[in-house]
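Asks: Let me begin by handing over the structure; questions about it come next.
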Amino acid sequence: MAEYLEAGSLRAEVLKVAAAEVGVREIPLGSNTGPRVNQYLDAVGVAPGQPWCMAFVFWCFKQAAAARGVSNPVPRNGSVIHCWQLAQSQPGTNVVPAEKANADPSLVLPGMVFFIDTGAEHGHAGFVVDVVGGTLVTIEGNTNSAGLREGIGVFQRSSRKIRDINMGFIAFA
C-alpha cells in the first residue's frame, strides 16, 4: 500500500463508503439511472440519466463527512472537468498534477480522487484505493470492468496505471 490510512480519517472513511457501494448497478443497465444512481445524481443536483462518476465521488464524501461530523470538502458539482478546476484553488486540497504523479508515484495516496480528461469537456473520476508498482486499485462509479467512463455501475478495478491519469489526483481535506 502506498501509505497507511489512519483509522477514522476522512480518507479511510470515504474508501469504506465507496467499497460498500461496489456492485451498485444502473437500472436498466446503460441508462445512467436507478434507485441508488439517482441518489448520487441528486446529491449534486443533476437529473437522472446524466453521467454520474463525479456525483458518486461527491456522494461518498458526503456520507463519510457526515459520519465524521465534518463538512464535505468536495465541490458540489457533477462535472469532472469543472470539479478539477474548482478544486485547484480550494483551501486544504493536495493537488498532484499528472506530470508530478508520473515523476514521483509516491505522491499518489489511498483516498485520493483521480481525474481523467476524456475529451470534448468530458471526463472520468474515481477513488484510489491502493497503488501497487505504478498500478492503481480503484473504486469507480459509472464504469464497467473495462474502465469506460460510461459504464453500468460501481466497480473496483485494478488495471489503471498512474501514467493513464492525464489530469491528476486530489486529496480533499
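Chain labels follow the order of the C-alpha cells: the first chain is A, the next B, and so on; residue numbering restarts at 1 in every chain, and ligands are counted from 1 in their shown order.
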DSSP on the backbone: what in stretch 81-156 of chain A comes out helix (DSSP H, G or I), as a list in words?

Replies: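 The residues of stretch 81-156 of chain A classed as helix (DSSP H, G or I) are Ile81, His82, Cys83, Trp84, Gln85, Leu86, Ala87, Ala98, Glu99, Lys100, Ala101, Asn102, Ala103, Pro105, Ser106 and Leu107 of chain A.
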
Asks: Could you write those residues out with N, CA and C atoms, as an mmCIF file, in the first residue's frame?

Replies:
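After the write, again-v6.cif holds the following:
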data_model
loop_
_atom_site.group_PDB
_atom_site.id
_atom_site.type_symbol
_atom_site.label_atom_id
_atom_site.label_comp_id
_atom_site.auth_asym_id
_atom_site.auth_seq_id
_atom_site.Cartn_x
_atom_site.Cartn_y
_atom_site.Cartn_z
ATOM 1 N N ILE A 81 -14.485 17.772 -15.099
ATOM 2 C CA ILE A 81 -13.603 18.865 -15.516
ATOM 3 C C ILE A 81 -13.809 20.081 -14.620
ATOM 4 N N HIS A 82 -15.057 20.435 -14.362
ATOM 5 C CA HIS A 82 -15.334 21.612 -13.533
ATOM 6 C C HIS A 82 -14.900 21.380 -12.090
ATOM 7 N N CYS A 83 -15.114 20.195 -11.561
ATOM 8 C CA CYS A 83 -14.688 19.901 -10.193
ATOM 9 C C CYS A 83 -13.167 20.017 -10.073
ATOM 10 N N TRP A 84 -12.447 19.500 -11.051
ATOM 11 C CA TRP A 84 -10.984 19.623 -11.066
ATOM 12 C C TRP A 84 -10.583 21.100 -11.028
ATOM 13 N N GLN A 85 -11.241 21.915 -11.853
ATOM 14 C CA GLN A 85 -10.925 23.345 -11.905
ATOM 15 C C GLN A 85 -11.237 24.026 -10.575
ATOM 16 N N LEU A 86 -12.389 23.742 -9.995
ATOM 17 C CA LEU A 86 -12.770 24.350 -8.722
ATOM 18 C C LEU A 86 -11.811 23.972 -7.598
ATOM 19 N N ALA A 87 -11.363 22.742 -7.586
ATOM 20 C CA ALA A 87 -10.511 22.248 -6.505
ATOM 21 C C ALA A 87 -9.114 22.855 -6.528
ATOM 22 N N ALA A 98 -0.822 15.373 -13.105
ATOM 23 C CA ALA A 98 -0.372 14.126 -13.719
ATOM 24 C C ALA A 98 1.141 14.081 -13.906
ATOM 25 N N GLU A 99 1.736 15.183 -14.337
ATOM 26 C CA GLU A 99 3.180 15.206 -14.568
ATOM 27 C C GLU A 99 3.950 14.891 -13.292
ATOM 28 N N LYS A 100 3.519 15.470 -12.171
ATOM 29 C CA LYS A 100 4.197 15.219 -10.891
ATOM 30 C C LYS A 100 3.981 13.785 -10.431
ATOM 31 N N ALA A 101 2.781 13.263 -10.633
ATOM 32 C CA ALA A 101 2.482 11.881 -10.235
ATOM 33 C C ALA A 101 3.328 10.902 -11.039
ATOM 34 N N ASN A 102 3.511 11.174 -12.318
ATOM 35 C CA ASN A 102 4.344 10.308 -13.154
ATOM 36 C C ASN A 102 5.808 10.372 -12.738
ATOM 37 N N ALA A 103 6.268 11.563 -12.368
ATOM 38 C CA ALA A 103 7.659 11.737 -11.950
ATOM 39 C C ALA A 103 7.916 11.127 -10.572
ATOM 40 N N PRO A 105 5.630 8.671 -8.264
ATOM 41 C CA PRO A 105 4.411 7.922 -7.938
ATOM 42 C C PRO A 105 4.101 7.849 -6.441
ATOM 43 N N SER A 106 5.076 8.096 -5.583
ATOM 44 C CA SER A 106 4.821 8.060 -4.136
ATOM 45 C C SER A 106 3.888 9.186 -3.692
ATOM 46 N N LEU A 107 3.645 10.163 -4.559
ATOM 47 C CA LEU A 107 2.716 11.258 -4.240
ATOM 48 C C LEU A 107 1.260 10.817 -4.331
#

Asks: Give me, as a Markdown table, the closest atom pair and its distance (Å, one decimal) for every residue of stretch 104-147 of chain A within a cut-off of 6 Å of stretch 152-164 of chain A, counting only C-alpha atoms, rows sorted by chain and rising number.

Replies:
| residue | atom | partner | partner_atom | distance |
| --- | --- | --- | --- | --- |
| A:Gly134 | CA | A:Ile162 | CA | 5.7 |
| A:Thr135 | CA | A:Lys161 | CA | 4.4 |
| A:Leu136 | CA | A:Arg160 | CA | 5.3 |
| A:Val137 | CA | A:Ser158 | CA | 4.3 |
| A:Thr138 | CA | A:Arg157 | CA | 5.2 |
| A:Ile139 | CA | A:Gln156 | CA | 4.4 |
| A:Glu140 | CA | A:Val154 | CA | 5.5 |
| A:Gly141 | CA | A:Val154 | CA | 4.2 |
| A:Asn142 | CA | A:Gly153 | CA | 5.0 |
| A:Thr143 | CA | A:Gly153 | CA | 5.7 |
| A:Asn144 | CA | A:Ile152 | CA | 5.9 |

Asks: Against stretch 32-46 of chain A, which residues of stretch 51-102 of chain A fall within 10 Å? For each one I want the closest pair of atoms and the distance in Å (one decimal), counting only C-alpha atoms, rows by chain and increasing residue number, as a Markdown table.

Replies:
| residue | atom | partner | partner_atom | distance |
| --- | --- | --- | --- | --- |
| A:Pro51 | CA | A:Asn32 | CA | 6.2 |
| A:Trp52 | CA | A:Leu41 | CA | 6.2 |
| A:Cys53 | CA | A:Tyr40 | CA | 8.7 |
| A:Met54 | CA | A:Tyr40 | CA | 8.7 |
| A:Ala55 | CA | A:Tyr40 | CA | 5.2 |
| A:Phe56 | CA | A:Tyr40 | CA | 5.2 |
| A:Val57 | CA | A:Tyr40 | CA | 8.4 |
| A:Phe58 | CA | A:Val44 | CA | 7.3 |
| A:Trp59 | CA | A:Tyr40 | CA | 5.5 |
| A:Cys60 | CA | A:Tyr40 | CA | 8.5 |
| A:Lys62 | CA | A:Ala43 | CA | 8.4 |
| A:Pro75 | CA | A:Val44 | CA | 9.0 |
| A:Arg76 | CA | A:Val44 | CA | 5.4 |
| A:Asn77 | CA | A:Val44 | CA | 5.4 |
| A:Gly78 | CA | A:Val44 | CA | 5.8 |
| A:Ser79 | CA | A:Val44 | CA | 9.5 |

Asks: Could you tell me which of A:Glu150, A:Asp130, A:Glu6, A:Asp117 comes closest to A:Met167 if we count only C-alpha atoms?

Replies: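 Smallest separation from A:Met167 among the options: A:Asp117.
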
Asks: One decimal, in Å: what's the spacing between atom CA of A:Ala66 and atom CA of A:Arg11?

Replies: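 Atom CA of A:Ala66 sits 12.9 Å away from atom CA of A:Arg11.
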
Asks: Under the rule that only C-alpha atoms are counted, which of A:Ala65, A:Pro73, A:Pro110, A:Gly30 is the nearest residue to A:Val132?

Replies: A:Pro110

Asks: Just checking: using only C-alpha atoms, which residue out of A:Pro48, A:Gly23, A:Gly8, A:Gly92 ends up closest to A:Ala173?

Replies: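 That would be A:Gly92, the residue with the smallest distance to A:Ala173.
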
Asks: For A:Val113, which of A:Ser9, A:Ile170, A:Pro28, A:Ser89 is the closest residue, counting only C-alpha atoms?

Replies: A:Ile170
